[in-house]
Structures are given as C-alpha cells and as structure tokens.
file input38.txt (compact mmCIF, C-alpha atoms)
# COMPACT_ATOMS: atom_id res chain seq x y z
CA MET B 165 -123.46 -31.26 241.54
CA ASN B 166 -126.05 -31.88 244.28
CA LYS B 167 -128.26 -34.91 243.58
CA LEU B 168 -131.41 -32.85 244.12
CA MET B 169 -130.34 -30.34 241.50
CA LEU B 170 -130.90 -30.85 237.81
CA SER B 171 -127.82 -30.88 235.65
CA CYS B 172 -127.56 -28.23 232.94
CA LEU B 173 -128.00 -30.97 230.34
CA LYS B 174 -131.28 -32.07 231.92
CA ALA B 175 -132.46 -28.47 232.54
CA SER B 176 -131.90 -27.39 228.95
CA GLU B 177 -133.61 -30.55 227.74
CA LEU B 178 -136.68 -29.73 229.86
CA ILE B 179 -136.73 -26.22 228.38
CA GLU B 180 -137.27 -27.86 224.98
CA LYS B 181 -139.54 -30.63 226.22
CA ARG B 182 -142.09 -28.27 227.75
CA ASN B 183 -142.84 -26.82 224.31
CA TYR B 184 -144.30 -30.17 223.35
CA SER B 185 -145.76 -31.69 226.48
CA PRO B 186 -146.56 -30.46 229.97
CA LEU B 187 -143.84 -31.10 232.54
CA THR B 188 -144.54 -32.98 235.76
CA ILE B 189 -144.80 -30.83 238.88
CA ALA B 190 -141.46 -32.19 240.07
CA ASP B 191 -139.78 -31.29 236.77
CA LYS B 192 -141.32 -27.82 236.84
CA ILE B 193 -140.05 -27.10 240.34
CA GLN B 194 -136.60 -28.48 239.66
CA LEU B 195 -136.36 -26.48 236.46
CA SER B 196 -137.37 -23.21 238.05
CA VAL B 197 -134.94 -23.74 240.94
CA HIS B 198 -132.19 -24.49 238.45
CA LEU B 199 -132.98 -21.45 236.31
CA SER B 200 -133.00 -19.16 239.33
CA MET B 201 -129.41 -20.15 240.04
CA CYS B 202 -127.83 -20.88 236.68
CA THR B 203 -127.05 -17.95 234.39
CA ALA B 204 -125.92 -20.15 231.52
CA CYS B 205 -129.20 -22.06 231.36
CA LYS B 206 -131.20 -18.85 231.78
CA THR B 207 -129.27 -17.51 228.78
CA TYR B 208 -129.96 -20.75 226.90
CA GLU B 209 -133.67 -20.34 227.60
CA LYS B 210 -133.75 -16.82 226.11
CA GLN B 211 -131.79 -17.95 223.07
CA SER B 212 -134.03 -20.95 222.55
CA ILE B 213 -137.08 -18.68 222.46
CA LEU B 214 -135.35 -16.35 220.00
CA ILE B 215 -134.47 -19.29 217.75
CA ASP B 216 -138.10 -20.44 217.72
CA LYS B 217 -139.24 -16.94 216.79
CA ALA B 218 -136.75 -16.82 213.94
CA ILE B 219 -137.86 -20.22 212.60
CA LYS B 220 -141.47 -19.09 212.75
CA ILE B 221 -140.68 -15.96 210.74
CA ILE B 222 -138.67 -17.87 208.13
CA GLU B 223 -141.40 -20.45 207.66
CA ALA B 224 -144.13 -17.80 207.46
CA ASN B 225 -142.17 -16.03 204.71
CA ALA B 226 -141.34 -19.25 202.86
CA ILE B 227 -144.81 -19.45 201.44
CA ASN B 228 -146.81 -17.05 199.32
CA GLY B 229 -150.17 -16.50 200.99
CA SER B 230 -152.25 -15.95 197.87
CA GLU B 231 -150.64 -18.91 196.12
CA LEU B 232 -151.48 -21.05 199.13
CA GLU B 233 -155.07 -19.91 199.07
CA LYS B 234 -155.36 -20.58 195.35
CA SER B 235 -154.14 -24.15 195.80
CA GLU B 236 -156.41 -24.63 198.75
CA ASN B 237 -159.49 -23.56 196.80
CA LYS B 238 -158.53 -25.67 193.81
CA ILE B 239 -158.24 -28.80 195.91
CA LEU B 240 -161.43 -28.03 197.82
CA SER B 241 -163.44 -27.86 194.62
CA ALA B 242 -161.73 -31.02 193.29
CA ILE B 243 -162.72 -32.85 196.45
CA LYS B 244 -166.25 -31.56 196.14
CA ASP B 245 -166.46 -32.81 192.54
CA LYS B 246 -165.11 -36.18 193.53
CA ILE B 247 -167.52 -36.55 196.42
CA ASP B 248 -170.52 -35.42 194.38
CA LYS B 249 -169.76 -38.09 191.78
CA GLU B 250 -169.64 -40.89 194.34
CA MET Y 118 -173.73 -38.64 203.09
CA GLU Y 119 -172.05 -38.92 206.46
CA LYS Y 120 -168.76 -39.86 204.81
CA ASN Y 121 -168.86 -36.89 202.44
CA LYS Y 122 -169.59 -34.55 205.26
CA ILE Y 123 -166.69 -35.82 207.32
CA ILE Y 124 -164.22 -35.65 204.45
CA SER Y 125 -165.29 -32.12 203.50
CA GLU Y 126 -164.82 -31.15 207.09
CA TRP Y 127 -161.33 -32.64 207.22
CA ALA Y 128 -160.47 -30.78 204.05
CA SER Y 129 -161.56 -27.46 205.46
CA ILE Y 130 -159.67 -28.04 208.71
CA TYR Y 131 -156.42 -29.63 207.49
CA LEU Y 132 -155.92 -28.55 203.90
CA LYS Y 133 -153.93 -25.39 204.49
CA ASP Y 134 -151.50 -27.03 206.90
CA LEU Y 135 -151.09 -30.10 204.71
CA LEU Y 136 -150.17 -27.79 201.83
CA LYS Y 137 -147.69 -25.94 204.02
CA PHE Y 138 -146.13 -29.19 205.08
CA ALA Y 139 -145.88 -30.50 201.51
CA HIS Y 140 -144.43 -27.18 200.39
CA TYR Y 141 -141.85 -27.34 203.15
CA LYS Y 142 -140.80 -30.82 202.02
CA THR Y 143 -140.73 -30.10 198.28
CA SER Y 144 -140.14 -26.34 197.99
CA ASP Y 145 -142.61 -26.28 195.11
CA MET Y 146 -146.21 -25.14 195.43
CA GLU Y 147 -147.42 -26.91 192.32
CA VAL Y 148 -145.93 -30.21 193.45
CA ALA Y 149 -147.35 -29.66 196.94
CA GLU Y 150 -150.79 -29.08 195.46
CA ASN Y 151 -150.66 -32.32 193.46
CA LEU Y 152 -149.45 -34.34 196.41
CA VAL Y 153 -152.16 -33.02 198.71
CA GLN Y 154 -154.80 -33.63 196.06
CA ASP Y 155 -153.58 -37.23 195.69
CA THR Y 156 -153.67 -37.54 199.44
CA PHE Y 157 -157.33 -36.61 199.55
CA GLU Y 158 -158.14 -39.03 196.78
CA ALA Y 159 -156.55 -41.73 198.91
CA VAL Y 160 -158.57 -40.48 201.87
CA VAL Y 161 -161.82 -40.79 199.92
CA GLN Y 162 -160.86 -44.31 198.77
CA GLY Y 163 -159.55 -45.51 202.10
CA PHE Y 164 -162.24 -43.94 204.24
CA ASP Y 165 -164.40 -47.06 204.58
CA SER Y 166 -161.56 -49.20 205.87
CA PHE Y 167 -160.34 -46.49 208.22
CA SER Y 168 -162.06 -46.88 211.57
CA ASN Y 169 -160.17 -44.67 214.00
CA LEU Y 170 -161.88 -41.36 213.23
CA SER Y 171 -160.41 -39.66 216.28
CA ASN Y 172 -156.96 -40.07 214.85
CA ALA Y 173 -157.73 -38.80 211.37
CA LYS Y 174 -155.11 -36.08 211.39
CA THR Y 175 -152.18 -38.45 211.90
CA TRP Y 176 -153.63 -40.81 209.32
CA ILE Y 177 -153.90 -38.07 206.69
CA TYR Y 178 -150.41 -36.73 207.41
CA GLY Y 179 -149.11 -40.28 207.16
CA ILE Y 180 -150.63 -40.66 203.70
CA LEU Y 181 -149.18 -37.35 202.58
CA ASN Y 182 -145.81 -38.31 204.01
CA ASN Y 183 -145.79 -41.48 201.93
CA LYS Y 184 -146.81 -39.54 198.82
CA ILE Y 185 -143.87 -37.21 199.41
CA LYS Y 186 -141.49 -40.15 199.72
CA ASP Y 187 -142.90 -41.70 196.53
CA TYR Y 188 -142.49 -38.40 194.74
CA TYR Y 189 -138.77 -38.40 195.53
CA LYS Y 190 -138.44 -42.06 194.58
CA ILE Y 191 -139.93 -41.34 191.17
CA LYS Y 192 -137.79 -38.29 190.76
CA LYS Y 193 -134.85 -40.54 191.61
CA THR Y 194 -133.15 -37.77 193.45
CA THR Y 195 -132.72 -37.79 197.13
CA SER Y 196 -134.18 -34.74 198.68
CA LYS Y 197 -132.15 -32.79 201.15
CA ASN Y 198 -134.80 -33.23 203.75
CA VAL Y 199 -137.12 -36.05 202.85
CA GLU Y 200 -135.40 -38.82 204.77
CA PHE Y 201 -137.00 -39.24 208.15
CA VAL Y 202 -134.98 -42.07 209.57
CA GLY Y 203 -131.48 -42.11 210.95
CA GLU Y 204 -129.46 -39.51 212.75
CA PHE Y 205 -130.78 -40.42 216.16
CA VAL Y 206 -128.94 -39.03 219.09
CA ASP Y 207 -127.35 -40.68 222.05
CA SER Y 208 -127.75 -38.53 225.11
CA SER Y 209 -124.77 -40.15 226.85
CA ASN Y 210 -122.53 -38.71 224.17
CA ASN Y 211 -123.14 -34.99 224.07
CA GLU Y 212 -120.22 -32.74 223.24
CA TYR Y 213 -121.91 -29.72 224.83
CA PHE Y 214 -121.84 -31.08 228.39
CA ASP Y 215 -119.29 -32.80 230.60
CA GLU Y 216 -119.88 -36.11 232.38
CA GLN Y 217 -121.76 -34.43 235.23
CA GLY Y 218 -124.04 -32.69 232.75
CA SER Y 219 -122.52 -29.23 233.24
CA TRP Y 220 -121.84 -27.00 230.24
CA GLU Y 221 -118.45 -27.53 228.64
CA ILE Y 222 -116.49 -24.29 229.10
CA ASN Y 223 -116.23 -23.49 225.39
CA LYS Y 224 -119.86 -24.44 224.65
CA LYS Y 225 -121.48 -22.51 227.48
CA PRO Y 226 -124.07 -20.05 226.13
CA LYS Y 227 -122.68 -16.52 226.08
CA ASP Y 228 -124.81 -13.43 226.53
CA TRP Y 229 -126.02 -12.32 223.09
CA LEU Y 230 -127.06 -8.91 224.47
CA LEU Y 231 -130.56 -9.48 223.08
CA GLU Y 232 -131.94 -6.56 225.09
CA GLU Y 233 -129.83 -4.21 222.97
CA ASN Y 234 -130.66 -6.06 219.76
CA HIS Y 235 -134.38 -5.49 219.39
CA ASN Y 236 -134.39 -5.56 215.61
CA LEU Y 237 -132.25 -8.62 215.24
CA LEU Y 238 -134.99 -10.68 213.62
CA ASP Y 239 -135.52 -7.98 210.97
CA ASP Y 240 -131.84 -7.99 210.07
CA VAL Y 241 -131.42 -9.52 206.61
CA ASP Y 242 -127.81 -10.52 207.23
CA PHE Y 243 -128.72 -12.28 210.45
CA GLY Y 244 -131.51 -14.08 208.59
CA GLU Y 245 -128.97 -15.32 206.07
CA VAL Y 246 -126.62 -16.66 208.76
CA PHE Y 247 -129.59 -18.25 210.50
CA ARG Y 248 -130.73 -19.98 207.30
CA GLN Y 249 -127.22 -21.29 206.73
CA CYS Y 250 -127.01 -22.66 210.26
CA ILE Y 251 -130.34 -24.44 209.83
CA GLU Y 252 -129.22 -25.88 206.50
CA ASN Y 253 -126.19 -27.40 208.24
CA LEU Y 254 -128.33 -29.49 210.57
CA PRO Y 255 -128.88 -33.18 209.81
CA ASP Y 256 -132.18 -33.60 207.97
CA LEU Y 257 -134.14 -35.26 210.76
CA TRP Y 258 -132.98 -32.67 213.26
CA ARG Y 259 -134.17 -29.85 211.00
CA ASP Y 260 -137.55 -31.54 210.53
CA CYS Y 261 -137.95 -31.97 214.27
CA ILE Y 262 -137.41 -28.33 215.18
CA LYS Y 263 -139.46 -27.04 212.26
CA MET Y 264 -142.39 -29.40 212.59
CA ARG Y 265 -144.33 -27.10 214.91
CA TYR Y 266 -144.21 -24.35 212.31
CA VAL Y 267 -144.70 -26.24 209.07
CA SER Y 268 -147.65 -28.32 210.24
CA ASP Y 269 -150.36 -27.97 212.83
CA LEU Y 270 -149.26 -31.17 214.50
CA LYS Y 271 -148.55 -31.26 218.20
CA GLY Y 272 -146.80 -33.52 220.69
CA LYS Y 273 -147.25 -37.19 219.98
CA ASP Y 274 -148.64 -36.65 216.47
CA ILE Y 275 -145.36 -35.06 215.40
CA CYS Y 276 -143.50 -38.14 216.62
CA ASP Y 277 -145.89 -40.45 214.77
CA VAL Y 278 -145.48 -38.63 211.49
CA LEU Y 279 -141.69 -38.48 211.86
CA SER Y 280 -141.62 -42.13 213.05
CA ILE Y 281 -139.64 -41.29 216.14
CA ASN Y 282 -140.38 -42.03 219.78
CA GLN Y 283 -141.13 -39.16 222.13
CA THR Y 284 -138.00 -39.33 224.27
CA ASN Y 285 -135.82 -39.44 221.23
CA PHE Y 286 -137.75 -36.55 219.72
CA TRP Y 287 -137.03 -34.17 222.62
CA GLN Y 288 -133.43 -35.19 222.59
CA VAL Y 289 -133.21 -34.47 218.88
CA VAL Y 290 -134.90 -31.09 219.33
CA HIS Y 291 -132.53 -30.33 222.18
CA ARG Y 292 -129.47 -31.36 220.21
CA ALA Y 293 -130.59 -29.43 217.17
CA LYS Y 294 -131.09 -26.30 219.26
CA LEU Y 295 -127.66 -26.70 220.84
CA GLN Y 296 -126.01 -26.97 217.46
CA LEU Y 297 -128.01 -24.11 215.99
CA ARG Y 298 -127.25 -21.93 219.01
CA ASN Y 299 -123.57 -22.71 218.77
CA CYS Y 300 -123.52 -22.00 215.04
CA LEU Y 301 -125.18 -18.60 215.54
CA GLU Y 302 -122.81 -17.70 218.34
CA ILE Y 303 -119.73 -18.47 216.26
CA ASN Y 304 -120.94 -17.05 212.96
CA TRP Y 305 -122.88 -14.04 214.10
CA PHE Y 306 -122.55 -12.97 217.70
CA GLU Y 307 -118.81 -13.42 217.95
CA LYS Y 308 -118.01 -12.12 214.49
call {"tool": "encode", "arguments": {"input": "input38.txt", "output": "structure tokens"}}
result
Amino acid sequence: MNKLMLSCLKASELIEKRNYSPLTIADKIQLSVHLSMCTACKTYEKQSILIDKAIKIIEANAINGSELEKSENKILSAIKDKIDKE
Amino acid sequence: MEKNKIISEWASIYLKDLLKFAHYKTSDMEVAENLVQDTFEAVVQGFDSFSNLSNAKTWIYGILNNKIKDYYKIKKTTSKNVEFVGEFVDSSNNEYFDEQGSWEINKKPKDWLLEENHNLLDDVDFGEVFRQCIENLPDLWRDCIKMRYVSDLKGKDICDVLSINQTNFWQVVHRAKLQLRNCLEINWFEK
C-alpha cells in the first residue's frame, strides 16, 4: 500500500475515533481519500453507524422512564433535606 | 449558601445520567437509586476539600464508580460488567487485518444490504442476536462502546472514569466494533 494512503486498519480506527474527538485536518483528508476508494471501509463505516444506533435503542429501552423520574425526584428531595439541615 | 447552591445545581444537571449509569452497571433501579444517593452524600461531605470545580462531573462519576465497586465487593459476587481493568488491546496483533493493515479476506465487511433493510432495528429477532453479540464482548470492551449512551460523559472524561488512556480507548472501541460487526455478520446477515 502507498505510504501516503491510510491502511484499512488505520482508516477504520479513525472512523471510531472521530466519534470521541475531532480529527486533525491531515487525518480528515486521508480518511476521506481512503473512503472514496475503499468499498470495504465505506461498508464498515455504514455498519458502525448502524451498530451505534442499535446500542442507543437498546440502552434507551433498558430503563423505565417513569421509574427513573421517580428515583430522580426522591434523591433530589433527599439532597434538599440534607442541605437544609447543614 | 454557595455550596448548597452548587450541589443542588449538580444534582439537577447530573442526577438522571448518574442513575442511568448506575442502572446500567447493576441492572437494578432500586440499587442504582441507593448508590446515587450515597454518592451525593459523599459529594456533600467532600465538597469542602474538593477544589477543582470545573471537573466536578468526573469527580462525581468517580465517586459513583467506587460505590458500584464496593457494592459488588459486599455482595461478594463478581458482576459481569463491573471490572474496569484488564482486557487491553494490542494493535500490533489484530486478527482482522494483515501485516500491511489491509482487511483479512475472511474478515472483510460484506454488504449487509442495509438499504433494503429499513426496519432492521425494529426486528425483535435481530435485537436478540445483537444483544447476544454484545454480551459476548469482554467487559471493558462493552463498557467502552456503551459509555456514550449510558452516561453523558464525553471524550477524555469517559477515559478517566474507565481508567484507560485515550489511545487505548479508541483501540478498544475499534476492536469491540470489529468483533460485534463480525458476530452480527455470521449470526444474522449470513444465516
């Protein structure tokens, strides 16, 4: 592989990294060049996004909204009591 | 007065996400509630000796994290996903790529025909396979890819709470995604 080109390993790693911190300009350019030429990594990118969506849905359903709110309110008033006593 | 105001403000900002995080780690809302309540008691007590107000979020998550670990110690059972250390990855040894960093032939992502599968995420059977594939990940790997969704932490704060350095974190996320992707391909898309 050409030295100027990212490897697929590096490209797919950058696809994950950019979700957490901004890429450098050089990384951004190299990644977009790579993705314009590499079907496998383009496919990886789509699948990575799908996986994140699925995780988000699972985690949103893992918790009961009204139960969460009840606990939240209970703790809020406990904190208020505690603070008022101090 | 200042102290009370600040703590009440933290509670209103962070409480929901702290509860979500504790629930994720314990799978029990009542336990989560107790742990978060204990966390805030520790926050009230420790407030005066805590000076770095700008980094309050990481501090509070750190306290909660320790409470969660203590909870499992007392319970004397090891949680499936409480252990944060271990299972680091070595990027020089990655079964998905060859020495040049190109995809290994049999690990190369195949087209999942997602354009024709609009309702995939509503499919209960797919959800079940997905859950199973996530369960199969090493604990730290699972925590790393879920952290964005079970807490409101971002970037470096995630690494601090998981006690992992940033480079290693991306590599873990990457490796976890590769394994998850591969698992889905074998158990769903090629079935």
call {"tool": "interface_residues", "arguments": {"input": "input38.txt", "of": "chain B", "to": "chain Y", "cutoff": "8 Å", "atoms": "all atoms listed in the file", "output": "NGL selection string"}}
result
:B and (165 or 171-174 or 176-177 or 180-181 or 184-185 or 204-205 or 207-208 or 211-212 or 215 or 218-220 or 223 or 227 or 231-233 or 235-236 or 239-240 or 242-244 or 247)
call {"tool": "closest_residue", "arguments": {"input": "input38.txt", "among": "B:Ser230, B:Met169, B:Ser200, B:Lys246", "to": "Y:Gln162", "atoms": "all atoms listed in the file"}}
result
B:Lys246
call {"tool": "atom_distance", "arguments": {"input": "input38.txt", "atom1": "atom CA of Y:Lys190", "atom2": "atom CA of Y:Leu254"}}
result
22.7 Å
